[in-house]
Amino acid sequence: MTSLRYAVADRRKAAAADFWLRWEVLLLVLLGIVMLVNSRLSPWFLDYYNLLDSTFNFSEKAIMALSMTLIIVTRDIDLSVASIIALASVFMGLAAQAGAGVPLLVLIGLATGLLAGFANGAIITRFQIPAIVVTIGTMSLFRGIAYVVLGDTAITSYPAGFSWFGQSYLVWSIPFEFVLFLALAAVFGFVLHFTTTGRRIYAIGNNPVAARFSGISVDRYRLVLFTLNGLMAGLAAVLLTSRIGSTRPNIAAGWELEVITMVVLGGVSIMGGSGTISGVFIAVFVLGMMTFGLSLMNVPGIVMSVFVGVLLIASIAVPILIRRMLRR
Amino acid sequence: MDLTALARRREVVLLVLIALLLAAVGARAPVFLTPTSLGDVLTDTAILLMLACGQMAVILTRGIDLSVASNMAFTGMCTALLSKYHPELPIAVTLALAPLIGFCLGAINGALIAWVKIPPIVVTLGTLSAYRGMIFILSGGASVVTHEFSRPYLDFPRQSLLGVSALVWIALVVCAGMAVFLNFSRTGRSLYAVGGNPLAARYVGIGIERCQFLVYCLSGTIAGLCGYLWVSRYAIAFTEVAFGYELTVIAACVIGGVSVAGGIGSVAGCLLGGLFLGIIGNALPVIQVSPFWQMAISGFVILCAVIVNSRSEARKGKLILRETEPPVQAPLQVRPETPS
């Protein structure tokens, strides 16, 4: 028996304090507060049908937040998602004008997203350029193409059956979009937390160079993740276009920042390597319920952005400041 | 400096590109090359140039300031409301107040980044939303339009000195000040050190936090000044002023060769990057291309610029993984230094 000179220490037993200081638990508490305050402020908040209908407002963004989580965990970022929606929506609109059927429209939306995401990933990995710069460029390029095609016009001639994706309900009047989000969240959670692929994604985010040395094809992973992120944006484009039934070049303007806000609030470090799907999942509801409650009180959307911005900064600053005070 | 080294300099390449662009546009529409027209291009681009300089200082320290456009719109609204309700106040008050408000907003960013240690992209993403929403709260959603402004408020940037508008003169002063600060002051040089290698900068005794705080204040101050100039130039203040403009500003920096990895960039490059975008924006209507092309073209230009950039600052880390020849067959050689 050879004795090891160095041993890897056993994992520390979890203490009760660890549980309460977990980000997901803090977020759940926050969600509880949001729900409580909202239900006190408006009698229509805790209504089964109202709550389910409110999910229409965030399901598309939430779906993109799932794949964005993987991107941010690997230390990357994708600012072009909202522009990919615009691009995919424009191509779907053009196809609809040419008389394409519903299955073809969906296929075009998904394929546009996939290709746009692949273009991002290919430029980033081939030329080793920081993702933030490349996606600022493609953000401008993709939405620019949408503007070139549409100018100041809009496409509204979608076939009748197309509205199913964004407007239909499944059993118990649960919106299809919301069910899709729940299903995708389960898939993403499984892949990130219970497979080797997921562990590798964390490894890349913690130290890309070390990950490369330990045999992970870092660039291939990044390429796949950007393609996946594009695909999810394509899916969001299908849902959104179907829900509002029209395409304008400024569709989903500013969504990239809202999606990133969801992810960061969910406890995913922008420096990569940490964060969970469950955190993002809860953060989606915190933001969704907060905006829903505010809209019930007739607060305009632009004022909500103050709450969202402050919440984003405060949720990160307060734990840091508390930890610093405790250390003293 | 020999010719190849000169040709490799980002600023020179950009200058040649801009000359080619001007020549191409001029060939189709000679009117574009008249002094008045070029003066208009400069006036149109002046605000972008100032903002790009401020943004560059931030990017040099490995940061990013996404809140500049919101800051600008908020400060613009503040000055506009002041002009509406107190038209008797001298213009000097506005000129002093605008940078001051911008400075305060920038200082909030800076404090959160430098001392609370939240990543810059997160902080400025948050303040981007928050500052934008504050405009609505401040104005109640109403806009301030042309006839509601006081005369001096609108006239000041429109004055002309030596045939060049005051707006361009202000931009010149700001950019020249920035160039002097970055190149000849101790703090300015330390910004490069902080971005190039924060750890090394710390070891030589540079206060990284101080530098970070400073650049966000600087960027905020410039954004504040630009807020007044923007509102005055377009004679309207509303909630969506300059919506999404922060990315144009960053694009100008990136085209100008500023590295988002920090530590690389010059005021000259920034100005040329901004001018490049400005010329494209102004030239399209002149050569009768739909202005809707502008966004797609600037996206394409940004991508080209970053790909060109990536060649000049290619990562060295990759070389480590390259398989080397076995030492027995090919003993270690010392390669002659390649002339640079």
# chains A, B, ... in the order shown; residues from 1 in each chain; ligands from 1

$ closest_atom_pairs --of "region 105-206 of chain B" --to "region 256-274 of chain B" --cutoff "9 Å" --atoms "only C-alpha atoms" --output "JSON lines"
{"residue": "B:Cys175", "atom": "CA", "partner": "B:Val267", "partner_atom": "CA", "distance": 7.1}
{"residue": "B:Ala176", "atom": "CA", "partner": "B:Val267", "partner_atom": "CA", "distance": 8.4}
{"residue": "B:Met178", "atom": "CA", "partner": "B:Val267", "partner_atom": "CA", "distance": 7.3}
{"residue": "B:Ala179", "atom": "CA", "partner": "B:Val267", "partner_atom": "CA", "distance": 5.7}
{"residue": "B:Leu182", "atom": "CA", "partner": "B:Val267", "partner_atom": "CA", "distance": 8.4}
{"residue": "B:Asn183", "atom": "CA", "partner": "B:Ser266", "partner_atom": "CA", "distance": 8.9}
{"residue": "B:Leu191", "atom": "CA", "partner": "B:Gly263", "partner_atom": "CA", "distance": 7.4}
{"residue": "B:Tyr192", "atom": "CA", "partner": "B:Gly263", "partner_atom": "CA", "distance": 4.5}
{"residue": "B:Ala193", "atom": "CA", "partner": "B:Gly263", "partner_atom": "CA", "distance": 6.5}
{"residue": "B:Val194", "atom": "CA", "partner": "B:Gly263", "partner_atom": "CA", "distance": 7.1}
{"residue": "B:Gly195", "atom": "CA", "partner": "B:Gly263", "partner_atom": "CA", "distance": 4.2}
{"residue": "B:Gly196", "atom": "CA", "partner": "B:Gly263", "partner_atom": "CA", "distance": 4.2}
{"residue": "B:Asn197", "atom": "CA", "partner": "B:Gly263", "partner_atom": "CA", "distance": 7.8}

$ residues_around --residues "Ser278 (chain A)" --least-positions-apart "5" --cutoff "12 Å" --atoms "only C-alpha atoms" --output "list in words"
Arg22, Trp23, Glu24, Val25, Leu27, Leu28, Ala65, Leu66, Thr69, Leu182, Ala185, Ala186, Val187, Phe188, Gly189, Phe190, Leu192, His193, Met262, Val263, Leu265, Gly266, Gly267, Val268, Ala283, Val284 and Phe285 of chain A

$ write_last_selection --atoms "N, CA and C atoms" --output "compact mmCIF listing (two decimals), in the first residue's frame"
# COMPACT_ATOMS: atom_id res chain seq x y z
N ARG A 22 -27.28 30.14 1.90
CA ARG A 22 -27.23 29.81 0.48
C ARG A 22 -28.04 30.83 -0.31
N TRP A 23 -27.52 31.14 -1.49
CA TRP A 23 -28.15 32.16 -2.32
C TRP A 23 -29.60 31.81 -2.64
N GLU A 24 -29.83 30.51 -2.95
CA GLU A 24 -31.17 30.10 -3.34
C GLU A 24 -32.16 30.32 -2.20
N VAL A 25 -31.69 30.05 -0.98
CA VAL A 25 -32.57 30.21 0.17
C VAL A 25 -32.88 31.69 0.38
N LEU A 27 -32.89 33.93 -1.90
CA LEU A 27 -33.79 34.33 -2.97
C LEU A 27 -35.22 33.90 -2.68
N LEU A 28 -35.37 32.69 -2.10
CA LEU A 28 -36.71 32.21 -1.75
C LEU A 28 -37.35 33.13 -0.72
N ALA A 65 -32.74 32.88 -20.28
CA ALA A 65 -31.89 32.97 -19.10
C ALA A 65 -31.25 31.62 -18.79
N LEU A 66 -31.93 30.51 -19.13
CA LEU A 66 -31.38 29.19 -18.84
C LEU A 66 -30.08 28.96 -19.60
N THR A 69 -27.30 31.24 -18.53
CA THR A 69 -26.64 30.79 -17.31
C THR A 69 -25.40 29.98 -17.66
N LEU A 182 -40.71 25.42 -17.76
CA LEU A 182 -40.50 24.48 -16.66
C LEU A 182 -39.75 23.24 -17.15
N ALA A 185 -36.17 24.12 -17.92
CA ALA A 185 -35.43 24.36 -16.69
C ALA A 185 -34.99 23.02 -16.09
N ALA A 186 -35.88 22.02 -16.13
CA ALA A 186 -35.53 20.70 -15.61
C ALA A 186 -34.37 20.11 -16.41
N VAL A 187 -34.44 20.23 -17.74
CA VAL A 187 -33.38 19.67 -18.59
C VAL A 187 -32.05 20.38 -18.31
N PHE A 188 -32.09 21.70 -18.28
CA PHE A 188 -30.85 22.46 -18.06
C PHE A 188 -30.28 22.17 -16.68
N GLY A 189 -31.18 22.08 -15.68
CA GLY A 189 -30.72 21.78 -14.33
C GLY A 189 -30.05 20.42 -14.28
N PHE A 190 -30.65 19.45 -14.95
CA PHE A 190 -30.07 18.11 -14.96
C PHE A 190 -28.70 18.12 -15.62
N LEU A 192 -26.59 20.59 -16.15
CA LEU A 192 -25.55 21.37 -15.47
C LEU A 192 -25.12 20.73 -14.15
N HIS A 193 -26.06 20.09 -13.45
CA HIS A 193 -25.72 19.64 -12.10
C HIS A 193 -25.49 18.13 -11.97
N MET A 262 -31.63 38.61 -14.85
CA MET A 262 -32.20 37.40 -14.25
C MET A 262 -31.09 36.45 -13.79
N VAL A 263 -30.11 36.25 -14.68
CA VAL A 263 -29.05 35.29 -14.39
C VAL A 263 -28.20 35.76 -13.21
N LEU A 265 -28.95 37.96 -10.86
CA LEU A 265 -29.73 37.93 -9.63
C LEU A 265 -29.85 36.50 -9.12
N GLY A 266 -29.83 35.54 -10.03
CA GLY A 266 -29.92 34.14 -9.65
C GLY A 266 -28.67 33.61 -8.99
N GLY A 267 -27.68 34.47 -8.78
CA GLY A 267 -26.50 34.06 -8.05
C GLY A 267 -25.39 33.51 -8.92
N VAL A 268 -25.50 33.69 -10.24
CA VAL A 268 -24.43 33.23 -11.12
C VAL A 268 -23.37 34.32 -11.17
N ALA A 283 -34.90 33.35 -9.26
CA ALA A 283 -34.74 34.76 -9.61
C ALA A 283 -35.74 35.18 -10.68
N VAL A 284 -36.01 34.26 -11.63
CA VAL A 284 -37.00 34.53 -12.66
C VAL A 284 -38.34 34.88 -12.02
N PHE A 285 -38.70 34.12 -10.98
CA PHE A 285 -39.98 34.38 -10.33
C PHE A 285 -39.94 35.66 -9.50

$ closest_atom_pairs --of "chain A" --to "chain B" --cutoff "9 Å" --atoms "only C-alpha atoms" --output "JSON lines"
{"residue": "A:Ile123", "atom": "CA", "partner": "B:Ile307", "partner_atom": "CA", "distance": 8.2}
{"residue": "A:Phe127", "atom": "CA", "partner": "B:Ser310", "partner_atom": "CA", "distance": 6.4}
{"residue": "A:Gln128", "atom": "CA", "partner": "B:Ser310", "partner_atom": "CA", "distance": 7.0}
{"residue": "A:Ile129", "atom": "CA", "partner": "B:Ser310", "partner_atom": "CA", "distance": 6.1}
{"residue": "A:Pro130", "atom": "CA", "partner": "B:Val260", "partner_atom": "CA", "distance": 7.6}
{"residue": "A:Ile132", "atom": "CA", "partner": "B:Val260", "partner_atom": "CA", "distance": 8.4}
{"residue": "A:Val133", "atom": "CA", "partner": "B:Val306", "partner_atom": "CA", "distance": 7.3}
{"residue": "A:Val134", "atom": "CA", "partner": "B:Leu303", "partner_atom": "CA", "distance": 6.3}
{"residue": "A:Thr135", "atom": "CA", "partner": "B:Leu303", "partner_atom": "CA", "distance": 8.8}
{"residue": "A:Ile136", "atom": "CA", "partner": "B:Leu247", "partner_atom": "CA", "distance": 7.0}
{"residue": "A:Gly137", "atom": "CA", "partner": "B:Gly299", "partner_atom": "CA", "distance": 4.6}
{"residue": "A:Thr138", "atom": "CA", "partner": "B:Gly299", "partner_atom": "CA", "distance": 5.9}
{"residue": "A:Met139", "atom": "CA", "partner": "B:Gly299", "partner_atom": "CA", "distance": 7.1}
{"residue": "A:Ser140", "atom": "CA", "partner": "B:Gly299", "partner_atom": "CA", "distance": 4.5}
{"residue": "A:Leu141", "atom": "CA", "partner": "B:Gly299", "partner_atom": "CA", "distance": 4.1}
{"residue": "A:Phe142", "atom": "CA", "partner": "B:Ala296", "partner_atom": "CA", "distance": 6.9}
{"residue": "A:Arg143", "atom": "CA", "partner": "B:Ala296", "partner_atom": "CA", "distance": 7.0}
{"residue": "A:Gly144", "atom": "CA", "partner": "B:Ala296", "partner_atom": "CA", "distance": 3.7}
{"residue": "A:Ile145", "atom": "CA", "partner": "B:Ala296", "partner_atom": "CA", "distance": 5.5}
{"residue": "A:Ala146", "atom": "CA", "partner": "B:Ala296", "partner_atom": "CA", "distance": 8.5}
{"residue": "A:Tyr147", "atom": "CA", "partner": "B:Phe292", "partner_atom": "CA", "distance": 5.5}
{"residue": "A:Val148", "atom": "CA", "partner": "B:Phe292", "partner_atom": "CA", "distance": 5.2}
{"residue": "A:Val149", "atom": "CA", "partner": "B:Phe292", "partner_atom": "CA", "distance": 8.6}
{"residue": "A:Leu150", "atom": "CA", "partner": "B:Phe292", "partner_atom": "CA", "distance": 8.7}
{"residue": "A:Gly151", "atom": "CA", "partner": "B:Phe292", "partner_atom": "CA", "distance": 6.0}
{"residue": "A:Asp152", "atom": "CA", "partner": "B:Phe292", "partner_atom": "CA", "distance": 8.6}
{"residue": "A:Val209", "atom": "CA", "partner": "B:Gly317", "partner_atom": "CA", "distance": 8.1}
{"residue": "A:Arg212", "atom": "CA", "partner": "B:Leu321", "partner_atom": "CA", "distance": 8.9}
{"residue": "A:Phe213", "atom": "CA", "partner": "B:Leu321", "partner_atom": "CA", "distance": 8.0}
{"residue": "A:Gly254", "atom": "CA", "partner": "B:Gly244", "partner_atom": "CA", "distance": 7.9}
{"residue": "A:Leu257", "atom": "CA", "partner": "B:Leu125", "partner_atom": "CA", "distance": 7.1}
{"residue": "A:Ile260", "atom": "CA", "partner": "B:Leu125", "partner_atom": "CA", "distance": 8.9}
{"residue": "A:Thr261", "atom": "CA", "partner": "B:Leu125", "partner_atom": "CA", "distance": 7.9}
{"residue": "A:Val264", "atom": "CA", "partner": "B:Val122", "partner_atom": "CA", "distance": 7.7}
{"residue": "A:Ile270", "atom": "CA", "partner": "B:Pro119", "partner_atom": "CA", "distance": 7.3}
{"residue": "A:Met271", "atom": "CA", "partner": "B:Pro119", "partner_atom": "CA", "distance": 8.0}
{"residue": "A:Gly301", "atom": "CA", "partner": "B:Gly133", "partner_atom": "CA", "distance": 8.6}
{"residue": "A:Ile302", "atom": "CA", "partner": "B:Gly133", "partner_atom": "CA", "distance": 5.1}
{"residue": "A:Val303", "atom": "CA", "partner": "B:Gly133", "partner_atom": "CA", "distance": 4.7}
{"residue": "A:Met304", "atom": "CA", "partner": "B:Gly133", "partner_atom": "CA", "distance": 7.2}
{"residue": "A:Ser305", "atom": "CA", "partner": "B:Ser129", "partner_atom": "CA", "distance": 5.1}
{"residue": "A:Val306", "atom": "CA", "partner": "B:Ala130", "partner_atom": "CA", "distance": 3.8}
{"residue": "A:Phe307", "atom": "CA", "partner": "B:Ala130", "partner_atom": "CA", "distance": 7.1}
{"residue": "A:Val308", "atom": "CA", "partner": "B:Ser129", "partner_atom": "CA", "distance": 7.2}
{"residue": "A:Gly309", "atom": "CA", "partner": "B:Gly126", "partner_atom": "CA", "distance": 3.9}
{"residue": "A:Val310", "atom": "CA", "partner": "B:Gly126", "partner_atom": "CA", "distance": 6.3}
{"residue": "A:Leu311", "atom": "CA", "partner": "B:Gly126", "partner_atom": "CA", "distance": 8.0}
{"residue": "A:Leu312", "atom": "CA", "partner": "B:Gly126", "partner_atom": "CA", "distance": 5.9}
{"residue": "A:Ile313", "atom": "CA", "partner": "B:Gly126", "partner_atom": "CA", "distance": 5.9}
{"residue": "A:Ile316", "atom": "CA", "partner": "B:Ile118", "partner_atom": "CA", "distance": 7.2}
{"residue": "A:Ala317", "atom": "CA", "partner": "B:Val116", "partner_atom": "CA", "distance": 6.6}
{"residue": "A:Ile320", "atom": "CA", "partner": "B:Val116", "partner_atom": "CA", "distance": 7.2}
{"residue": "A:Leu321", "atom": "CA", "partner": "B:Val116", "partner_atom": "CA", "distance": 7.1}

$ closest_residue --among "A:Leu294, A:Val218, A:Ala211, A:Val299" --to "Asn38 (chain A)" --atoms "only C-alpha atoms"
A:Leu294

$ atom_distance --atom1 "CA of Ala23 (chain B)" --atom2 "CA of Gly278 (chain B)"
15.3 Å

$ residues_around --residues "Ser54 (chain A)" --least-positions-apart "5" --cutoff "9 Å" --atoms "only C-alpha atoms" --output "short mmCIF file (atom, residue, chain, number, x, y, z; two decimals) with C-alpha atoms, in the first residue's frame"
data_model
loop_
_atom_site.label_atom_id
_atom_site.label_comp_id
_atom_site.auth_asym_id
_atom_site.auth_seq_id
_atom_site.Cartn_x
_atom_site.Cartn_y
_atom_site.Cartn_z
CA TYR A 49 -55.64 32.86 -13.27
CA GLY A 288 -41.57 38.23 -12.68
CA MET A 289 -43.69 38.59 -9.55
CA PHE A 292 -46.45 41.79 -12.09
#

$ residues_around --residues "region 144-157 of chain B" --least-positions-apart "2" --cutoff "9 Å" --atoms "only C-alpha atoms" --output "PyMOL selection string"
chain B and resi 77+79-88+90-91+94+139+142+159-160+165-168+170+228-229+231-238

$ residues_around --residues "Ala233 (chain A)" --least-positions-apart "2" --cutoff "8 Å" --atoms "only C-alpha atoms" --output "ChimeraX atom specification"
/A:64,81-82,84-85,113,229-231,235-237

$ write_last_selection --atoms "N, CA and C atoms" --output "PDB file, in the first residue's frame"
ATOM      1  N   MET A  64     -34.472  32.069 -22.244  1.00  0.00           N
ATOM      2  CA  MET A  64     -33.132  32.496 -22.656  1.00  0.00           C
ATOM      3  C   MET A  64     -32.187  32.563 -21.468  1.00  0.00           C
ATOM      4  N   VAL A  81     -28.525  38.295 -27.775  1.00  0.00           N
ATOM      5  CA  VAL A  81     -29.731  37.454 -27.804  1.00  0.00           C
ATOM      6  C   VAL A  81     -30.982  38.199 -28.287  1.00  0.00           C
ATOM      7  N   ALA A  82     -31.160  39.436 -27.813  1.00  0.00           N
ATOM      8  CA  ALA A  82     -32.366  40.165 -28.215  1.00  0.00           C
ATOM      9  C   ALA A  82     -32.332  40.450 -29.714  1.00  0.00           C
ATOM     10  N   ILE A  84     -30.865  38.555 -31.901  1.00  0.00           N
ATOM     11  CA  ILE A  84     -31.145  37.288 -32.582  1.00  0.00           C
ATOM     12  C   ILE A  84     -32.658  37.098 -32.680  1.00  0.00           C
ATOM     13  N   ILE A  85     -33.386  37.472 -31.618  1.00  0.00           N
ATOM     14  CA  ILE A  85     -34.850  37.393 -31.671  1.00  0.00           C
ATOM     15  C   ILE A  85     -35.362  38.228 -32.843  1.00  0.00           C
ATOM     16  N   GLY A 113     -31.898  31.270 -35.256  1.00  0.00           N
ATOM     17  CA  GLY A 113     -31.263  31.414 -33.958  1.00  0.00           C
ATOM     18  C   GLY A 113     -30.008  30.565 -33.851  1.00  0.00           C
ATOM     19  N   ASN A 229     -27.301  28.872 -27.102  1.00  0.00           N
ATOM     20  CA  ASN A 229     -27.901  30.135 -26.676  1.00  0.00           C
ATOM     21  C   ASN A 229     -28.651  30.784 -27.838  1.00  0.00           C
ATOM     22  N   GLY A 230     -28.060  30.687 -29.037  1.00  0.00           N
ATOM     23  CA  GLY A 230     -28.739  31.207 -30.220  1.00  0.00           C
ATOM     24  C   GLY A 230     -30.030  30.452 -30.480  1.00  0.00           C
ATOM     25  N   LEU A 231     -29.962  29.124 -30.312  1.00  0.00           N
ATOM     26  CA  LEU A 231     -31.156  28.295 -30.534  1.00  0.00           C
ATOM     27  C   LEU A 231     -32.275  28.694 -29.574  1.00  0.00           C
ATOM     28  N   LEU A 235     -35.948  30.065 -30.253  1.00  0.00           N
ATOM     29  CA  LEU A 235     -37.183  29.546 -29.651  1.00  0.00           C
ATOM     30  C   LEU A 235     -37.994  30.692 -29.042  1.00  0.00           C
ATOM     31  N   ALA A 236     -37.289  31.582 -28.327  1.00  0.00           N
ATOM     32  CA  ALA A 236     -37.970  32.736 -27.733  1.00  0.00           C
ATOM     33  C   ALA A 236     -38.594  33.594 -28.825  1.00  0.00           C
ATOM     34  N   ALA A 237     -37.904  33.683 -29.975  1.00  0.00           N
ATOM     35  CA  ALA A 237     -38.441  34.469 -31.089  1.00  0.00           C
ATOM     36  C   ALA A 237     -39.740  33.863 -31.590  1.00  0.00           C
TER      37      ALA A 237
END

$ atom_distance --atom1 "CA of Val102 (chain A)" --atom2 "CA of Ser246 (chain A)"
14.6 Å

$ select_by_dssp --residues "region 28-89 of chain B" --states "alpha helix (DSSP H)" --output "VMD selection string"
chain B and resid 28 35 to 60 68 to 85

$ write_last_selection --atoms "N, CA and C atoms" --output "compact mmCIF listing (two decimals), in the first residue's frame"
# COMPACT_ATOMS: atom_id res chain seq x y z
N ARG B 28 -19.06 59.75 -54.99
CA ARG B 28 -20.49 59.66 -55.35
C ARG B 28 -21.23 60.96 -55.10
N PRO B 35 -16.29 72.00 -46.87
CA PRO B 35 -15.99 72.30 -45.46
C PRO B 35 -17.23 72.37 -44.57
N THR B 36 -18.33 72.96 -45.06
CA THR B 36 -19.54 73.04 -44.23
C THR B 36 -20.04 71.65 -43.87
N SER B 37 -20.07 70.78 -44.88
CA SER B 37 -20.58 69.44 -44.65
C SER B 37 -19.70 68.69 -43.66
N LEU B 38 -18.39 68.80 -43.86
CA LEU B 38 -17.47 68.11 -42.94
C LEU B 38 -17.59 68.69 -41.54
N GLY B 39 -17.80 70.01 -41.47
CA GLY B 39 -18.00 70.65 -40.17
C GLY B 39 -19.23 70.08 -39.48
N ASP B 40 -20.28 69.84 -40.27
CA ASP B 40 -21.50 69.27 -39.71
C ASP B 40 -21.25 67.87 -39.17
N VAL B 41 -20.46 67.11 -39.92
CA VAL B 41 -20.13 65.74 -39.47
C VAL B 41 -19.44 65.82 -38.11
N LEU B 42 -18.47 66.75 -38.01
CA LEU B 42 -17.75 66.91 -36.74
C LEU B 42 -18.70 67.29 -35.61
N THR B 43 -19.58 68.24 -35.89
CA THR B 43 -20.54 68.68 -34.87
C THR B 43 -21.42 67.51 -34.43
N ASP B 44 -21.83 66.71 -35.41
CA ASP B 44 -22.68 65.57 -35.10
C ASP B 44 -21.95 64.52 -34.27
N THR B 45 -20.64 64.41 -34.47
CA THR B 45 -19.88 63.35 -33.83
C THR B 45 -19.27 63.78 -32.51
N ALA B 46 -19.28 65.09 -32.25
CA ALA B 46 -18.55 65.63 -31.09
C ALA B 46 -18.94 64.92 -29.78
N ILE B 47 -20.24 64.71 -29.58
CA ILE B 47 -20.68 64.10 -28.32
C ILE B 47 -20.16 62.67 -28.21
N LEU B 48 -20.23 61.94 -29.33
CA LEU B 48 -19.73 60.57 -29.33
C LEU B 48 -18.24 60.54 -28.99
N LEU B 49 -17.48 61.49 -29.54
CA LEU B 49 -16.04 61.52 -29.29
C LEU B 49 -15.73 61.72 -27.80
N MET B 50 -16.44 62.65 -27.18
CA MET B 50 -16.20 62.89 -25.75
C MET B 50 -16.54 61.65 -24.93
N LEU B 51 -17.72 61.08 -25.21
CA LEU B 51 -18.14 59.90 -24.45
C LEU B 51 -17.15 58.75 -24.64
N ALA B 52 -16.65 58.61 -25.87
CA ALA B 52 -15.70 57.52 -26.14
C ALA B 52 -14.43 57.70 -25.32
N CYS B 53 -13.99 58.95 -25.18
CA CYS B 53 -12.79 59.21 -24.37
C CYS B 53 -13.01 58.78 -22.92
N GLY B 54 -14.17 59.15 -22.38
CA GLY B 54 -14.48 58.76 -21.00
C GLY B 54 -14.57 57.26 -20.86
N GLN B 55 -15.24 56.64 -21.82
CA GLN B 55 -15.40 55.19 -21.78
C GLN B 55 -14.04 54.49 -21.87
N MET B 56 -13.14 55.08 -22.68
CA MET B 56 -11.83 54.44 -22.84
C MET B 56 -11.10 54.36 -21.50
N ALA B 57 -11.15 55.46 -20.75
CA ALA B 57 -10.48 55.45 -19.45
C ALA B 57 -11.01 54.30 -18.59
N VAL B 58 -12.33 54.07 -18.66
CA VAL B 58 -12.92 52.97 -17.88
C VAL B 58 -12.43 51.63 -18.39
N ILE B 59 -12.46 51.46 -19.73
CA ILE B 59 -12.07 50.16 -20.30
C ILE B 59 -10.59 49.88 -20.05
N LEU B 60 -9.78 50.94 -19.98
CA LEU B 60 -8.35 50.76 -19.70
C LEU B 60 -8.14 50.01 -18.39
N VAL B 68 -23.57 55.10 -19.25
CA VAL B 68 -23.33 56.46 -19.76
C VAL B 68 -24.55 57.06 -20.44
N ALA B 69 -25.25 56.26 -21.26
CA ALA B 69 -26.38 56.83 -21.99
C ALA B 69 -27.49 57.22 -21.04
N SER B 70 -27.74 56.39 -20.02
CA SER B 70 -28.77 56.71 -19.05
C SER B 70 -28.38 57.94 -18.23
N ASN B 71 -27.11 57.99 -17.84
CA ASN B 71 -26.57 59.13 -17.11
C ASN B 71 -26.78 60.41 -17.92
N MET B 72 -26.44 60.32 -19.20
CA MET B 72 -26.56 61.46 -20.10
C MET B 72 -28.02 61.91 -20.19
N ALA B 73 -28.92 60.96 -20.36
CA ALA B 73 -30.34 61.30 -20.51
C ALA B 73 -30.88 61.91 -19.22
N PHE B 74 -30.44 61.38 -18.07
CA PHE B 74 -30.91 61.90 -16.78
C PHE B 74 -30.42 63.33 -16.57
N THR B 75 -29.11 63.52 -16.77
CA THR B 75 -28.57 64.87 -16.60
C THR B 75 -29.22 65.83 -17.58
N GLY B 76 -29.44 65.37 -18.81
CA GLY B 76 -30.08 66.21 -19.81
C GLY B 76 -31.46 66.65 -19.34
N MET B 77 -32.21 65.71 -18.77
CA MET B 77 -33.55 66.04 -18.29
C MET B 77 -33.48 67.03 -17.14
N CYS B 78 -32.52 66.83 -16.22
CA CYS B 78 -32.37 67.76 -15.09
C CYS B 78 -32.13 69.18 -15.60
N THR B 79 -31.19 69.32 -16.53
CA THR B 79 -30.88 70.67 -17.02
C THR B 79 -32.06 71.23 -17.80
N ALA B 80 -32.76 70.36 -18.53
CA ALA B 80 -33.90 70.83 -19.32
C ALA B 80 -35.00 71.37 -18.41
N LEU B 81 -35.29 70.64 -17.32
CA LEU B 81 -36.33 71.09 -16.40
C LEU B 81 -35.92 72.40 -15.74
N LEU B 82 -34.63 72.50 -15.41
CA LEU B 82 -34.12 73.72 -14.80
C LEU B 82 -34.32 74.89 -15.75
N SER B 83 -34.02 74.65 -17.02
CA SER B 83 -34.15 75.71 -18.01
C SER B 83 -35.62 76.09 -18.21
N LYS B 84 -36.50 75.09 -18.07
CA LYS B 84 -37.92 75.35 -18.30
C LYS B 84 -38.51 76.19 -17.16
N TYR B 85 -38.17 75.81 -15.90
CA TYR B 85 -38.80 76.47 -14.77
C TYR B 85 -38.01 77.68 -14.27

$ atom_distance --atom1 "CA of Ser80 (chain A)" --atom2 "CA of Gly102 (chain B)"
28.2 Å

$ residues_around --residues "Phe181 (chain A)" --least-positions-apart "5" --cutoff "9 Å" --atoms "only C-alpha atoms" --output "list in words"
Ser59, Glu60, Ala62, Ile63, Leu66, Phe176 and Ala186 of chain A

$ decode --residues "region 14-20 of chain B" --atoms "N, CA and C atoms" --output "mmCIF file, in the first residue's frame"
data_model
loop_
_atom_site.group_PDB
_atom_site.id
_atom_site.type_symbol
_atom_site.label_atom_id
_atom_site.label_comp_id
_atom_site.auth_asym_id
_atom_site.auth_seq_id
_atom_site.Cartn_x
_atom_site.Cartn_y
_atom_site.Cartn_z
ATOM 1 N N LEU B 14 -6.468 53.241 -39.287
ATOM 2 C CA LEU B 14 -7.788 53.871 -39.232
ATOM 3 C C LEU B 14 -7.836 55.149 -40.047
ATOM 4 N N LEU B 15 -6.744 55.922 -39.950
ATOM 5 C CA LEU B 15 -6.682 57.182 -40.686
ATOM 6 C C LEU B 15 -6.797 56.915 -42.181
ATOM 7 N N VAL B 16 -6.070 55.877 -42.649
ATOM 8 C CA VAL B 16 -6.126 55.515 -44.067
ATOM 9 C C VAL B 16 -7.544 55.080 -44.429
ATOM 10 N N LEU B 17 -8.151 54.261 -43.557
ATOM 11 C CA LEU B 17 -9.520 53.791 -43.817
ATOM 12 C C LEU B 17 -10.497 54.957 -43.915
ATOM 13 N N ILE B 18 -10.340 55.911 -42.983
ATOM 14 C CA ILE B 18 -11.245 57.063 -42.996
ATOM 15 C C ILE B 18 -11.055 57.860 -44.281
ATOM 16 N N ALA B 19 -9.783 58.025 -44.690
ATOM 17 C CA ALA B 19 -9.498 58.753 -45.934
ATOM 18 C C ALA B 19 -10.162 58.043 -47.114
ATOM 19 N N LEU B 20 -10.023 56.710 -47.153
ATOM 20 C CA LEU B 20 -10.642 55.943 -48.242
ATOM 21 C C LEU B 20 -12.164 56.107 -48.225
#
